[in-house]
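Inspection log for the structure reproduced underneath, given as structure tokens.
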Amino acid sequence: MEQLTEFFANPLPFAAVALTAMLVEFIAGWLQDDDTHDLGETAASLSIAVINKTLGALSAGVTSLPLIWLHQFALFDIPAEAPWALAVAFVLTDFCYYWHHYAMHKIRLLWASHSVHHSPTKLNLTAAVRLGVGGHLAGGFLFYAPLVLIGFSPLVVYGTLALGLIYQLFLHPAHARDFGPLEYVFNTPKHHHVHHASNDSCLDRNFGGVFIIFDKMFGTFATAPENEPLAFGLKAVNSRSNNPVVVLFREWYAIVRDALASRSPKALFRAVFSMKPPRPQS
């Protein structure tokens, strides 16, 4: 656990690796005239990443406090330093992430943040860092509360969750190769391209973070359609923008607008939580 703490205490080496990978991919696409990037989208994605990290750092204490408080009621005291405990925590955290990710596509309050990640029309490594704000403040942390109540330290839960998110960065290359037998167990670029696709047969599929087995267990797995290319971006009309502020806060603004226009508790509930009618599925 000490090594994990040290890793997150100095994220600059990983950031350098990630930015280098993005640059190499961009240059390769440009040299091959491969149409893998849109300069406006790429600039917007990098700007959004900076805003996300800044706001995330400011709100990190607020979102971690509920899990820290819950930990006092844990059923067991699972040692944070035990390798077996870290391995189990990694798998269970990814299981919780699966359901969190599923909910982000089904609950408008959570989709407000997650829709930012689905907005690029070009899928590449820079799109991976296009992440929304406010997801955990809107209740995302609740999906990991059972792990804390079982006995895992909040630091272990957030640490293993962060490792899974680092893995997911590399699920967004412009070209998805086949990884053979690994495709049966792990989430791979091929599977994640399907998740990002706006083709009808791909909507709300492949929610896994590191593992794809949970999608296969719960019936949300899909492969790419054979007779049509994958298309990316939101299906909502007039959803494309390269303005980082618009991309980040458009759906939050829509929720507030619809909530203020509500004339009954039922309408208010739908405005905040229902995915329909405000936006088509994506």
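Each chain in the structure tokens gets a letter, A, B, ..., in the order shown, and its residues are numbered from 1; ligands are numbered from 1 in order too.
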Extract, using only C-alpha atoms, all DNA, RNA and protein residues at most 7 Å from range 204-210 of chain A, discarding same-chain residues fewer than 3 positions from it, and format them as a tab-separated table (two decimals) with C-alpha atoms, in the first residue's frame.
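Contents of result_19.tsv, freshly written:
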```tsv
chain	number	residue	atom	x	y	z
A	94	ASP	CA	-14.02	-2.99	-10.77
A	97	TYR	CA	-17.32	0.41	-11.18
A	98	TYR	CA	-19.35	-1.72	-13.61
A	101	HIS	CA	-20.83	3.01	-15.08
A	102	TYR	CA	-24.15	1.32	-15.83
A	105	HIS	CA	-25.96	5.70	-18.59
A	164	GLY	CA	-8.48	0.95	-13.06
A	167	TYR	CA	-5.80	1.21	-17.33
A	168	GLN	CA	-8.82	2.65	-19.12
A	186	PHE	CA	-10.36	-8.11	-19.98
A	187	ASN	CA	-11.86	-4.93	-21.31
A	191	HIS	CA	-14.69	-3.73	-26.50
A	192	HIS	CA	-14.41	-0.09	-25.46
A	195	HIS	CA	-19.05	1.17	-25.74
A	214	PHE	CA	-19.17	-8.59	-15.75
A	215	ASP	CA	-20.79	-7.48	-19.02
A	220	THR	CA	-24.58	-6.01	-21.46
A	221	PHE	CA	-21.79	-7.30	-23.69
A	222	ALA	CA	-21.76	-6.58	-27.43
A	282	SER	CA	-26.13	7.34	-26.18
```
Per-residue nearest contacts range 47-165 of chain A to range 228-231 of chain A, cut-off 12 Å, using only C-alpha atoms, as CSV:
```
residue,atom,partner,partner_atom,distance
A:His118,CA,A:Ala231,CA,11.3
A:Ser119,CA,A:Ala231,CA,11.5
A:Pro120,CA,A:Ala231,CA,10.3
A:Thr121,CA,A:Ala231,CA,7.4
A:Lys122,CA,A:Ala231,CA,8.6
A:Leu123,CA,A:Ala231,CA,9.3
```
Near-range 142-156 of chain A list (10 Å; only C-alpha atoms; drop same-chain fewer than 4 positions) as a ChimeraX atom specification: /A:1,4-5,63-81,85-86,88-90,92-101,103,136-138,160-162
With N, CA and C atoms retained, export the selected residues as a short mmCIF file (atom, residue, chain, number, x, y, z; two decimals), in the first residue's frame.
```
data_model
loop_
_atom_site.label_atom_id
_atom_site.label_comp_id
_atom_site.auth_asym_id
_atom_site.auth_seq_id
_atom_site.Cartn_x
_atom_site.Cartn_y
_atom_site.Cartn_z
N MET A 1 0.83 -1.21 0.00
CA MET A 1 0.00 0.00 0.00
C MET A 1 0.86 1.26 0.00
N LEU A 4 1.71 2.14 -3.49
CA LEU A 4 0.55 2.72 -4.17
C LEU A 4 0.39 4.18 -3.79
N THR A 5 0.57 4.49 -2.52
CA THR A 5 0.46 5.87 -2.06
C THR A 5 1.53 6.75 -2.70
N THR A 63 -15.64 14.61 -1.40
CA THR A 63 -16.16 13.32 -1.88
C THR A 63 -15.61 12.14 -1.08
N SER A 64 -14.46 12.31 -0.45
CA SER A 64 -13.89 11.20 0.32
C SER A 64 -14.43 11.14 1.75
N LEU A 65 -14.94 12.24 2.27
CA LEU A 65 -15.41 12.27 3.65
C LEU A 65 -16.51 11.24 3.95
N PRO A 66 -17.52 11.06 3.09
CA PRO A 66 -18.56 10.08 3.41
C PRO A 66 -18.01 8.67 3.57
N LEU A 67 -17.08 8.26 2.72
CA LEU A 67 -16.53 6.91 2.83
C LEU A 67 -15.64 6.78 4.07
N ILE A 68 -14.92 7.84 4.39
CA ILE A 68 -14.11 7.82 5.62
C ILE A 68 -15.02 7.67 6.84
N TRP A 69 -16.13 8.38 6.82
CA TRP A 69 -17.08 8.28 7.95
C TRP A 69 -17.69 6.88 8.03
N LEU A 70 -18.05 6.31 6.88
CA LEU A 70 -18.67 4.99 6.86
C LEU A 70 -17.73 3.89 7.35
N HIS A 71 -16.45 4.12 7.18
CA HIS A 71 -15.48 3.08 7.51
C HIS A 71 -15.51 2.68 8.98
N GLN A 72 -15.99 3.56 9.84
CA GLN A 72 -16.06 3.23 11.26
C GLN A 72 -17.10 2.15 11.55
N PHE A 73 -18.01 1.92 10.59
CA PHE A 73 -19.04 0.90 10.77
C PHE A 73 -18.71 -0.40 10.04
N ALA A 74 -17.47 -0.54 9.57
CA ALA A 74 -17.07 -1.71 8.78
C ALA A 74 -17.25 -3.00 9.57
N LEU A 75 -17.66 -4.04 8.86
CA LEU A 75 -17.87 -5.35 9.48
C LEU A 75 -16.55 -6.01 9.86
N PHE A 76 -15.53 -5.79 9.03
CA PHE A 76 -14.23 -6.41 9.27
C PHE A 76 -13.15 -5.34 9.14
N ASP A 77 -11.96 -5.67 9.61
CA ASP A 77 -10.81 -4.79 9.45
C ASP A 77 -9.83 -5.49 8.50
N ILE A 78 -10.00 -5.23 7.21
CA ILE A 78 -9.18 -5.90 6.21
C ILE A 78 -7.85 -5.18 6.09
N PRO A 79 -6.73 -5.86 6.27
CA PRO A 79 -5.42 -5.21 6.26
C PRO A 79 -5.11 -4.59 4.89
N ALA A 80 -4.74 -3.34 4.92
CA ALA A 80 -4.47 -2.62 3.68
C ALA A 80 -3.17 -3.06 3.03
N GLU A 81 -2.25 -3.64 3.82
CA GLU A 81 -0.94 -4.00 3.29
C GLU A 81 -0.88 -5.41 2.72
N ALA A 85 -5.45 -8.89 -0.10
CA ALA A 85 -6.52 -7.91 0.10
C ALA A 85 -6.54 -6.89 -1.03
N LEU A 86 -5.37 -6.47 -1.47
CA LEU A 86 -5.30 -5.51 -2.58
C LEU A 86 -5.83 -6.13 -3.86
N VAL A 88 -8.05 -8.63 -4.11
CA VAL A 88 -9.51 -8.76 -3.99
C VAL A 88 -10.17 -7.40 -4.14
N ALA A 89 -9.58 -6.38 -3.52
CA ALA A 89 -10.13 -5.02 -3.62
C ALA A 89 -10.15 -4.54 -5.06
N PHE A 90 -9.11 -4.88 -5.82
CA PHE A 90 -9.04 -4.45 -7.22
C PHE A 90 -10.20 -5.04 -8.03
N LEU A 92 -13.11 -6.35 -6.81
CA LEU A 92 -14.39 -5.88 -6.29
C LEU A 92 -14.65 -4.42 -6.65
N THR A 93 -13.60 -3.60 -6.66
CA THR A 93 -13.77 -2.21 -7.06
C THR A 93 -14.19 -2.13 -8.52
N ASP A 94 -13.62 -2.99 -9.36
CA ASP A 94 -14.02 -2.99 -10.77
C ASP A 94 -15.46 -3.47 -10.93
N PHE A 95 -15.89 -4.38 -10.06
CA PHE A 95 -17.28 -4.82 -10.06
C PHE A 95 -18.21 -3.66 -9.71
N CYS A 96 -17.83 -2.89 -8.68
CA CYS A 96 -18.62 -1.72 -8.30
C CYS A 96 -18.59 -0.67 -9.42
N TYR A 97 -17.43 -0.54 -10.06
CA TYR A 97 -17.32 0.41 -11.18
C TYR A 97 -18.27 0.03 -12.30
N TYR A 98 -18.41 -1.26 -12.57
CA TYR A 98 -19.35 -1.72 -13.61
C TYR A 98 -20.74 -1.16 -13.35
N TRP A 99 -21.23 -1.31 -12.11
CA TRP A 99 -22.58 -0.85 -11.78
C TRP A 99 -22.65 0.68 -11.74
N HIS A 100 -21.57 1.32 -11.31
CA HIS A 100 -21.52 2.78 -11.35
C HIS A 100 -21.61 3.26 -12.80
N HIS A 101 -20.84 2.63 -13.67
CA HIS A 101 -20.83 3.01 -15.08
C HIS A 101 -22.20 2.75 -15.71
N ALA A 103 -25.05 2.81 -14.17
CA ALA A 103 -25.95 3.85 -13.66
C ALA A 103 -25.71 5.19 -14.35
N HIS A 136 -18.93 12.37 -8.65
CA HIS A 136 -18.93 11.82 -7.29
C HIS A 136 -19.73 12.70 -6.34
N LEU A 137 -19.73 13.99 -6.57
CA LEU A 137 -20.56 14.88 -5.75
C LEU A 137 -22.04 14.58 -5.95
N ALA A 138 -22.40 14.07 -7.14
CA ALA A 138 -23.80 13.73 -7.43
C ALA A 138 -24.18 12.36 -6.89
N THR A 160 -7.35 1.63 -5.82
CA THR A 160 -7.59 0.61 -6.84
C THR A 160 -8.52 1.14 -7.93
N LEU A 161 -9.44 2.02 -7.56
CA LEU A 161 -10.29 2.65 -8.58
C LEU A 161 -9.43 3.50 -9.52
N ALA A 162 -8.49 4.23 -8.96
CA ALA A 162 -7.61 5.07 -9.78
C ALA A 162 -6.75 4.22 -10.71
#
```
Helix (DSSP H, G or I) per DSSP on the backbone: members of range 52-117 of chain A, as number ranges by chain: A: 52-73, 83-104, 108-114
Neighbouring residues of Phe170 in chain A were defined as those with any atom within 12 Å, considering only C-alpha atoms; residues of the same chain fewer than 3 positions away were excluded. Please report them as a PDB file with N, CA, C and O atoms, in the first residue's frame.
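That gives us result_17.pdb:
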```
ATOM      1  N   VAL A  17       4.141  10.030 -19.535  1.00  0.00           N
ATOM      2  CA  VAL A  17       3.956   8.869 -20.412  1.00  0.00           C
ATOM      3  C   VAL A  17       2.665   9.012 -21.217  1.00  0.00           C
ATOM      4  O   VAL A  17       2.640   8.759 -22.430  1.00  0.00           O
ATOM      5  N   ALA A  18       1.589   9.433 -20.542  1.00  0.00           N
ATOM      6  CA  ALA A  18       0.303   9.574 -21.212  1.00  0.00           C
ATOM      7  C   ALA A  18       0.354  10.639 -22.308  1.00  0.00           C
ATOM      8  O   ALA A  18      -0.121  10.424 -23.431  1.00  0.00           O
ATOM      9  N   LEU A  19       0.942  11.777 -22.001  1.00  0.00           N
ATOM     10  CA  LEU A  19       1.032  12.854 -22.988  1.00  0.00           C
ATOM     11  C   LEU A  19       1.924  12.457 -24.161  1.00  0.00           C
ATOM     12  O   LEU A  19       1.635  12.806 -25.317  1.00  0.00           O
ATOM     13  N   ALA A  21       2.327   9.375 -25.268  1.00  0.00           N
ATOM     14  CA  ALA A  21       1.538   8.437 -26.069  1.00  0.00           C
ATOM     15  C   ALA A  21       0.522   9.174 -26.940  1.00  0.00           C
ATOM     16  O   ALA A  21       0.324   8.829 -28.115  1.00  0.00           O
ATOM     17  N   MET A  22      -0.109  10.196 -26.389  1.00  0.00           N
ATOM     18  CA  MET A  22      -1.067  10.993 -27.163  1.00  0.00           C
ATOM     19  C   MET A  22      -0.376  11.684 -28.334  1.00  0.00           C
ATOM     20  O   MET A  22      -0.903  11.724 -29.451  1.00  0.00           O
ATOM     21  N   GLU A  25       0.597   9.160 -31.063  1.00  0.00           N
ATOM     22  CA  GLU A  25      -0.583   8.745 -31.820  1.00  0.00           C
ATOM     23  C   GLU A  25      -1.034   9.851 -32.776  1.00  0.00           C
ATOM     24  O   GLU A  25      -1.395   9.588 -33.926  1.00  0.00           O
ATOM     25  N   LEU A 123     -12.488   9.015 -31.734  1.00  0.00           N
ATOM     26  CA  LEU A 123     -12.014   8.291 -30.552  1.00  0.00           C
ATOM     27  C   LEU A 123     -10.506   8.078 -30.663  1.00  0.00           C
ATOM     28  O   LEU A 123     -10.014   7.477 -31.613  1.00  0.00           O
ATOM     29  N   ASN A 124      -9.780   8.613 -29.701  1.00  0.00           N
ATOM     30  CA  ASN A 124      -8.335   8.475 -29.642  1.00  0.00           C
ATOM     31  C   ASN A 124      -7.903   8.706 -28.199  1.00  0.00           C
ATOM     32  O   ASN A 124      -8.744   8.944 -27.326  1.00  0.00           O
ATOM     33  N   LEU A 125      -6.617   8.639 -27.922  1.00  0.00           N
ATOM     34  CA  LEU A 125      -6.137   8.737 -26.551  1.00  0.00           C
ATOM     35  C   LEU A 125      -6.465  10.070 -25.893  1.00  0.00           C
ATOM     36  O   LEU A 125      -6.643  10.140 -24.674  1.00  0.00           O
ATOM     37  N   THR A 126      -6.559  11.150 -26.671  1.00  0.00           N
ATOM     38  CA  THR A 126      -6.908  12.434 -26.058  1.00  0.00           C
ATOM     39  C   THR A 126      -8.362  12.439 -25.594  1.00  0.00           C
ATOM     40  O   THR A 126      -8.707  13.136 -24.641  1.00  0.00           O
ATOM     41  N   ALA A 127      -9.208  11.650 -26.256  1.00  0.00           N
ATOM     42  CA  ALA A 127     -10.599  11.563 -25.825  1.00  0.00           C
ATOM     43  C   ALA A 127     -10.717  10.902 -24.457  1.00  0.00           C
ATOM     44  O   ALA A 127     -11.693  11.126 -23.728  1.00  0.00           O
ATOM     45  N   ALA A 128      -9.719  10.092 -24.098  1.00  0.00           N
ATOM     46  CA  ALA A 128      -9.764   9.386 -22.813  1.00  0.00           C
ATOM     47  C   ALA A 128      -9.756  10.336 -21.639  1.00  0.00           C
ATOM     48  O   ALA A 128     -10.292  10.019 -20.566  1.00  0.00           O
ATOM     49  N   VAL A 129      -9.123  11.500 -21.793  1.00  0.00           N
ATOM     50  CA  VAL A 129      -9.019  12.441 -20.670  1.00  0.00           C
ATOM     51  C   VAL A 129     -10.127  13.491 -20.709  1.00  0.00           C
ATOM     52  O   VAL A 129     -10.125  14.426 -19.905  1.00  0.00           O
ATOM     53  N   LEU A 163      -6.272   3.065 -10.219  1.00  0.00           N
ATOM     54  CA  LEU A 163      -5.492   2.172 -11.075  1.00  0.00           C
ATOM     55  C   LEU A 163      -6.332   1.680 -12.253  1.00  0.00           C
ATOM     56  O   LEU A 163      -5.841   1.582 -13.381  1.00  0.00           O
ATOM     57  N   GLY A 164      -7.593   1.374 -11.982  1.00  0.00           N
ATOM     58  CA  GLY A 164      -8.484   0.953 -13.057  1.00  0.00           C
ATOM     59  C   GLY A 164      -8.700   2.049 -14.079  1.00  0.00           C
ATOM     60  O   GLY A 164      -8.749   1.793 -15.293  1.00  0.00           O
ATOM     61  N   LEU A 165      -8.806   3.286 -13.620  1.00  0.00           N
ATOM     62  CA  LEU A 165      -8.999   4.408 -14.535  1.00  0.00           C
ATOM     63  C   LEU A 165      -7.738   4.662 -15.371  1.00  0.00           C
ATOM     64  O   LEU A 165      -7.838   5.057 -16.543  1.00  0.00           O
ATOM     65  N   ILE A 166      -6.577   4.428 -14.781  1.00  0.00           N
ATOM     66  CA  ILE A 166      -5.336   4.544 -15.540  1.00  0.00           C
ATOM     67  C   ILE A 166      -5.312   3.494 -16.652  1.00  0.00           C
ATOM     68  O   ILE A 166      -4.949   3.774 -17.798  1.00  0.00           O
ATOM     69  N   TYR A 167      -5.708   2.275 -16.318  1.00  0.00           N
ATOM     70  CA  TYR A 167      -5.803   1.214 -17.328  1.00  0.00           C
ATOM     71  C   TYR A 167      -6.732   1.638 -18.468  1.00  0.00           C
ATOM     72  O   TYR A 167      -6.442   1.414 -19.647  1.00  0.00           O
ATOM     73  N   PRO A 173      -7.331   4.001 -27.940  1.00  0.00           N
ATOM     74  CA  PRO A 173      -6.512   4.317 -29.112  1.00  0.00           C
ATOM     75  C   PRO A 173      -7.389   4.474 -30.350  1.00  0.00           C
ATOM     76  O   PRO A 173      -8.497   3.934 -30.434  1.00  0.00           O
ATOM     77  N   ALA A 174      -6.871   5.199 -31.325  1.00  0.00           N
ATOM     78  CA  ALA A 174      -7.643   5.428 -32.554  1.00  0.00           C
ATOM     79  C   ALA A 174      -7.914   4.122 -33.294  1.00  0.00           C
ATOM     80  O   ALA A 174      -8.949   3.973 -33.947  1.00  0.00           O
ATOM     81  N   HIS A 175      -6.987   3.191 -33.198  1.00  0.00           N
ATOM     82  CA  HIS A 175      -7.155   1.893 -33.864  1.00  0.00           C
ATOM     83  C   HIS A 175      -7.092   0.798 -32.818  1.00  0.00           C
ATOM     84  O   HIS A 175      -6.148   0.726 -32.028  1.00  0.00           O
ATOM     85  N   ALA A 176      -8.105  -0.052 -32.795  1.00  0.00           N
ATOM     86  CA  ALA A 176      -8.210  -1.106 -31.787  1.00  0.00           C
ATOM     87  C   ALA A 176      -7.753  -2.435 -32.370  1.00  0.00           C
ATOM     88  O   ALA A 176      -8.410  -2.979 -33.262  1.00  0.00           O
ATOM     89  N   ARG A 177      -6.654  -2.948 -31.873  1.00  0.00           N
ATOM     90  CA  ARG A 177      -6.164  -4.248 -32.317  1.00  0.00           C
ATOM     91  C   ARG A 177      -6.810  -5.356 -31.495  1.00  0.00           C
ATOM     92  O   ARG A 177      -7.417  -5.108 -30.444  1.00  0.00           O
ATOM     93  N   ASN A 187     -11.375  -5.993 -20.440  1.00  0.00           N
ATOM     94  CA  ASN A 187     -11.860  -4.931 -21.313  1.00  0.00           C
ATOM     95  C   ASN A 187     -10.691  -4.502 -22.193  1.00  0.00           C
ATOM     96  O   ASN A 187      -9.583  -4.269 -21.695  1.00  0.00           O
ATOM     97  N   THR A 188     -10.908  -4.407 -23.475  1.00  0.00           N
ATOM     98  CA  THR A 188      -9.853  -4.080 -24.434  1.00  0.00           C
ATOM     99  C   THR A 188     -10.323  -2.926 -25.310  1.00  0.00           C
ATOM    100  O   THR A 188     -11.517  -2.568 -25.301  1.00  0.00           O
ATOM    101  N   PRO A 189      -9.420  -2.331 -26.094  1.00  0.00           N
ATOM    102  CA  PRO A 189      -9.866  -1.275 -27.009  1.00  0.00           C
ATOM    103  C   PRO A 189     -11.009  -1.700 -27.922  1.00  0.00           C
ATOM    104  O   PRO A 189     -11.918  -0.907 -28.199  1.00  0.00           O
ATOM    105  N   LYS A 190     -11.001  -2.953 -28.387  1.00  0.00           N
ATOM    106  CA  LYS A 190     -12.099  -3.421 -29.246  1.00  0.00           C
ATOM    107  C   LYS A 190     -13.431  -3.336 -28.523  1.00  0.00           C
ATOM    108  O   LYS A 190     -14.429  -2.855 -29.075  1.00  0.00           O
ATOM    109  N   HIS A 192     -14.087  -1.458 -25.875  1.00  0.00           N
ATOM    110  CA  HIS A 192     -14.406  -0.090 -25.457  1.00  0.00           C
ATOM    111  C   HIS A 192     -14.810   0.786 -26.638  1.00  0.00           C
ATOM    112  O   HIS A 192     -15.577   1.739 -26.459  1.00  0.00           O
ATOM    113  N   HIS A 193     -14.311   0.494 -27.815  1.00  0.00           N
ATOM    114  CA  HIS A 193     -14.787   1.204 -29.003  1.00  0.00           C
ATOM    115  C   HIS A 193     -16.284   0.984 -29.178  1.00  0.00           C
ATOM    116  O   HIS A 193     -17.020   1.911 -29.557  1.00  0.00           O
ATOM    117  N   GLY A 209     -14.732  -1.857 -16.588  1.00  0.00           N
ATOM    118  CA  GLY A 209     -13.558  -1.003 -16.500  1.00  0.00           C
ATOM    119  C   GLY A 209     -12.330  -1.771 -16.948  1.00  0.00           C
ATOM    120  O   GLY A 209     -11.855  -1.622 -18.070  1.00  0.00           O
ATOM    121  N   VAL A 210     -11.822  -2.639 -16.074  1.00  0.00           N
ATOM    122  CA  VAL A 210     -10.670  -3.474 -16.411  1.00  0.00           C
ATOM    123  C   VAL A 210     -11.126  -4.808 -16.990  1.00  0.00           C
ATOM    124  O   VAL A 210     -10.536  -5.323 -17.934  1.00  0.00           O
TER     125      VAL A 210
END
```
Surrounding residues of range 245-261 of chain A excluding itself and chain neighbours under 5 positions, 6 Å, only C-alpha atoms, as number ranges by chain: A: 112, 132, 268, 271-272
Writer output for current selection, all heavy atoms, as a CSV table (one decimal), in the first residue's frame:
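Result file is out10.csv:
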```csv
chain,number,residue,atom,x,y,z
A,112,ALA,N,-25.0,13.6,-16.6
A,112,ALA,CA,-24.6,14.9,-16.8
A,112,ALA,C,-23.1,15.1,-16.8
A,112,ALA,O,-22.5,15.8,-17.6
A,112,ALA,CB,-25.2,15.8,-15.6
A,132,GLY,N,-16.0,14.5,-17.3
A,132,GLY,CA,-16.8,15.5,-16.7
A,132,GLY,C,-16.5,15.8,-15.3
A,132,GLY,O,-15.6,15.2,-14.7
A,268,LEU,N,-40.4,17.0,-11.4
A,268,LEU,CA,-39.1,17.4,-10.8
A,268,LEU,C,-38.2,16.1,-10.8
A,268,LEU,O,-37.0,16.2,-11.1
A,268,LEU,CB,-39.2,18.0,-9.4
A,268,LEU,CG,-37.9,18.3,-8.7
A,268,LEU,CD1,-37.1,19.4,-9.5
A,268,LEU,CD2,-38.2,18.8,-7.3
A,271,ALA,N,-37.0,15.3,-14.2
A,271,ALA,CA,-36.1,16.2,-14.7
A,271,ALA,C,-34.7,15.9,-14.2
A,271,ALA,O,-33.7,16.1,-14.9
A,271,ALA,CB,-36.5,17.6,-14.3
A,272,VAL,N,-34.6,15.4,-13.0
A,272,VAL,CA,-33.3,15.2,-12.4
A,272,VAL,C,-32.7,13.8,-12.7
A,272,VAL,O,-31.5,13.6,-12.9
A,272,VAL,CB,-33.3,15.5,-10.9
A,272,VAL,CG1,-32.0,15.1,-10.2
A,272,VAL,CG2,-33.7,16.9,-10.6
```
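The space separating CA of Asp34 in chain A from CA of Leu171 in chain A comes to 18.8 Å.
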Non-local contacts of Phe273 in chain A (8 Å; only C-alpha atoms; under 3 positions in same chain excluded) as a VMD selection string: chain A and resid 107 to 109 269 to 270
Counting only C-alpha atoms, the option among A:Val24, A:Leu12, A:Leu39, A:Ala49 closest to Pro244 in chain A: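 Comparing A:Val24, A:Leu12, A:Leu39, A:Ala49 against Pro244 in chain A, the winner is A:Ala49.
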